[in-house]
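Trainee: Starting off with a structure, shown below.
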Amino acid sequence: MLGYRTFFTVEQVSQCIVDTALEQVHSWLRRKRYQADSLAWNQPVQIAEDVSAALIRRERDDGTVDMRFRLTERKSVETWSTKLTVHAPADPLAKAWIWLDVDAPVDANSDRRRWTGTPGLASNLVDVLEARDGDARLASQPAVVRADDVEDLAVMICGSQEAQRRGLMFVAPSANDSTMSFGAWRDHAQQVLRHTTGLASSFILDPEATTELRGALGRTHAVEPWTIRTFRPDADPADESDALRHRVLSTGRLASAPA
């Protein structure tokens with residue numbers, strides 16, 4: 001059963017992406033204490049007890065390269081499967097992309113899939129590649145937004161014809177008041193959003209940026225200090241009813257969230 005999925009484009013020279021992704025696969029396997037050096041192209045290998053892996057590379061006539069990696073981990077009676085696909089087009093105007101799935105086992109007692117946290121491989125990839133969802137950058141930590149960055153953030157929230165966002169965007173605003181320091185808010189928001197790596201883009205606003213974004217988006221789509229607002233794709237501040245699509249995690253809920 002699908003436990004985790006991320007899909008993103010990459011803003012880099014595509015021919016380098018396969019090598020970079022493969023480096024991160026090796027690094028991730030070594031951290032898991034698997035025999036990463038045993039990987040070989042186009043053949044399955046055993047890299048630990050009850051752990052197998054397969055690595056496939058295909059190059060098309062036009063120079064486009066596709067890489068596929070699969071890891072199967074059998075733990076007692078449970079099986080976890082990780083599948084990574086990297087597409088590096090030869091056309092410099094085409095977008096390279098990465099697709100990562102983790103299939104989790106079903107709990108025999110509850111018939112629900114096992115909890116799947118952010119895979120280390122996902123964090124590796126978004127940290128070393130310029131991973132994008134539309135105009136929004138994906139990273140393992142939320143980006144801090146200052147007043148000068150608000151115009152770009154507003155475009156990401158509303159979307160553009162050139163780069164349509166697919167996933168969610170989390171915006172965590174702050175204020176100059178006695179509630180908490182900006183540093184404490186940044187640390188708390190990072191903890192709350194820690195399991196969204198690869199699944200959504202996230203931004204923490206300083207007080208000036210919060211004020212600027214309120215002016216840019218208007219009353220219905222504004223963000224209020226010490227909350228986290230979830231923006232779905234194609235937000236439309238001109239449509240008051242659209243505001244209902246973009247839910248807010250309140251200060252009270254955030255205060256009770258584990259830090």
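Each chain of the structure tokens is named A, B, ... in the order shown, its residues numbered from 1; ligands are numbered from 1 in display order.
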Sorted by chain and rising residue number, list the residues of range 44-108 of chain A at most 9 Å from range 113-119 of chain A (counting only C-alpha atoms), each with its closest atom pair and distance in Å to one decimal, as a tab-separated table.
Mentor:
residue	atom	partner	partner_atom	distance
A:Val102	CA	A:Thr116	CA	8.0
A:Asp103	CA	A:Thr116	CA	8.8
A:Ala104	CA	A:Arg114	CA	5.9
A:Pro105	CA	A:Arg113	CA	5.6
A:Val106	CA	A:Arg113	CA	4.0
A:Asp107	CA	A:Arg113	CA	5.7
A:Ala108	CA	A:Arg113	CA	9.0
Trainee: Would you save the residues of that selection, restricted to N, CA and C atoms, as a CSV table (one decimal), in the first residue's frame?
Mentor:
chain,number,residue,atom,x,y,z
A,102,VAL,N,7.1,5.0,-1.8
A,102,VAL,CA,7.4,4.0,-0.8
A,102,VAL,C,6.1,3.2,-0.5
A,103,ASP,N,6.2,1.9,-0.7
A,103,ASP,CA,5.0,1.1,-0.4
A,103,ASP,C,5.2,0.5,1.0
A,104,ALA,N,4.3,0.7,1.9
A,104,ALA,CA,4.4,0.2,3.2
A,104,ALA,C,3.5,-1.0,3.4
A,105,PRO,N,3.8,-1.9,4.4
A,105,PRO,CA,3.0,-3.0,4.7
A,105,PRO,C,1.8,-2.6,5.4
A,106,VAL,N,0.8,-3.5,5.4
A,106,VAL,CA,-0.5,-3.3,6.2
A,106,VAL,C,-0.4,-4.0,7.5
A,107,ASP,N,-0.7,-3.2,8.6
A,107,ASP,CA,-0.7,-3.8,9.9
A,107,ASP,C,-1.8,-4.9,10.0
A,108,ALA,N,-1.4,-6.0,10.4
A,108,ALA,CA,-2.3,-7.2,10.4
A,108,ALA,C,-3.4,-7.0,11.5
Trainee: Give me, as a list in words, all polymer residues having an atom no more than 8 Å from range 250-256 of chain A, counting only C-alpha atoms and skipping those fewer than 6 positions away in the same chain.
Mentor: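 Within the cut-off, the hits are Val192, Trp226, Thr227 and Ile228 of chain A.
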Trainee: Could you write out that same residue set with N, CA and C atoms as a compact mmCIF listing (two decimals), in the first residue's frame?
Mentor:
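Okay, this is what ended up in result26.txt:
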# COMPACT_ATOMS: atom_id res chain seq x y z
N VAL A 192 6.78 21.13 13.40
CA VAL A 192 5.43 20.78 12.98
C VAL A 192 5.42 20.28 11.54
N TRP A 226 1.37 33.44 13.87
CA TRP A 226 1.38 32.28 14.76
C TRP A 226 0.34 31.23 14.34
N THR A 227 0.05 31.16 13.05
CA THR A 227 -0.77 30.09 12.48
C THR A 227 0.00 29.48 11.32
N ILE A 228 -0.52 28.41 10.76
CA ILE A 228 0.02 27.88 9.50
C ILE A 228 -1.15 27.72 8.54
Trainee: What are the DSSP strand (DSSP E or B) residues of range 4-164 of chain A, as a VMD selection string?
Mentor: chain A and resid 4 to 10 41 45 to 48 51 to 59 65 to 75 78 to 88 96 to 103 106 113 131 to 133 136 to 137 143 to 145
Trainee: Just want the 12 Å neighbourhood of Gly183 in chain A, counted on only C-alpha atoms, with same-chain residues fewer than 3 positions away dropped. Output as a PyMOL selection string.
Mentor: chain A and resi 144+174-176+179-180+186-190+204-207
Trainee: Would you mind listing what lies within 12 Å of Trp41 in chain A as a count of residues only, with only C-alpha atoms counted and same-chain residues fewer than 5 positions away left out?
Mentor: 11
Trainee: Restricting the calculation to only C-alpha atoms, which member of A:Asn124, A:Gln46, A:Thr79, A:Thr211 is positioned closest to Glu23 in chain A?
Mentor: A:Asn124
Trainee: Rounded to one decimal, what separation in Å do you get between CA of Ser38 in chain A and CA of Ser123 in chain A?
Mentor: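 Between these atoms lies a distance of 23.0 Å.
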Trainee: Would you compute the distance between CA of Gln164 in chain A and CA of Ala136 in chain A? Give it in Å to one decimal.
Mentor: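 So the two atoms, CA of Gln164 in chain A and CA of Ala136 in chain A, lie 9.4 Å apart.
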Trainee: What does the distance between CA of Ala147 in chain A and CA of Thr220 in chain A come to in Å, to one decimal place?
Mentor: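 These two atoms are separated by 20.1 Å.
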Trainee: Env of Ala131 in chain A: 7 Å cut, atoms = only C-alpha atoms, seq-sep filter 5 positions within chain, self excluded. Answer as a VMD selection string.
Mentor: chain A and resid 8 to 11 126 137 to 138
Trainee: Keeping only N, CA and C atoms, write the selected residues as a CSV table (one decimal), in the first residue's frame.
Mentor:
chain,number,residue,atom,x,y,z
A,8,PHE,N,8.6,15.6,-8.5
A,8,PHE,CA,9.0,17.0,-8.6
A,8,PHE,C,9.9,17.2,-9.9
A,9,THR,N,9.9,18.4,-10.4
A,9,THR,CA,10.9,18.7,-11.5
A,9,THR,C,12.2,19.2,-10.9
A,10,VAL,N,13.2,19.2,-11.8
A,10,VAL,CA,14.5,19.6,-11.3
A,10,VAL,C,15.0,20.7,-12.2
A,11,GLU,N,15.4,21.9,-11.6
A,11,GLU,CA,15.9,23.0,-12.4
A,11,GLU,C,17.5,22.9,-12.5
A,126,VAL,N,16.1,16.3,-2.3
A,126,VAL,CA,15.7,17.7,-2.3
A,126,VAL,C,16.7,18.6,-1.8
A,137,ARG,N,10.1,26.0,-4.4
A,137,ARG,CA,11.2,25.1,-4.2
A,137,ARG,C,10.8,24.1,-3.1
A,138,LEU,N,11.2,22.9,-3.3
A,138,LEU,CA,11.0,21.9,-2.2
A,138,LEU,C,12.4,21.7,-1.5
Trainee: Just the residues within 9 Å of Asp135 in chain A, please, counting only C-alpha atoms, with nothing from its chain fewer than 2 positions along; format it as a list in words.
Mentor: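 Selected residues are Arg132, Asp133, Arg137, Asp152, Leu153, Val155, Met156, Gly159, Ser160, Glu162, Ala163, Gln164 and Arg165 of chain A.
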Trainee: Going by DSSP on the backbone, which residues of range 42-143 of chain A come out as helix (DSSP H, G or I)? List them as a ChimeraX atom specification.
Mentor: /A:120-128
Trainee: Find, counting only C-alpha atoms, the residue in A:Leu193, A:Ala88, A:Leu100, A:Leu39 that gets nearest to Asp62 in chain A.
Mentor: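 For Asp62 in chain A, the nearest of the given residues is A:Ala88.
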Trainee: Of the residues A:Leu129, A:Val86, A:Val25, A:Val51, which is the one nearest to Arg74 in chain A, using only C-alpha atoms?
Mentor: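 Among the listed residues, A:Val51 lies closest to Arg74 in chain A.
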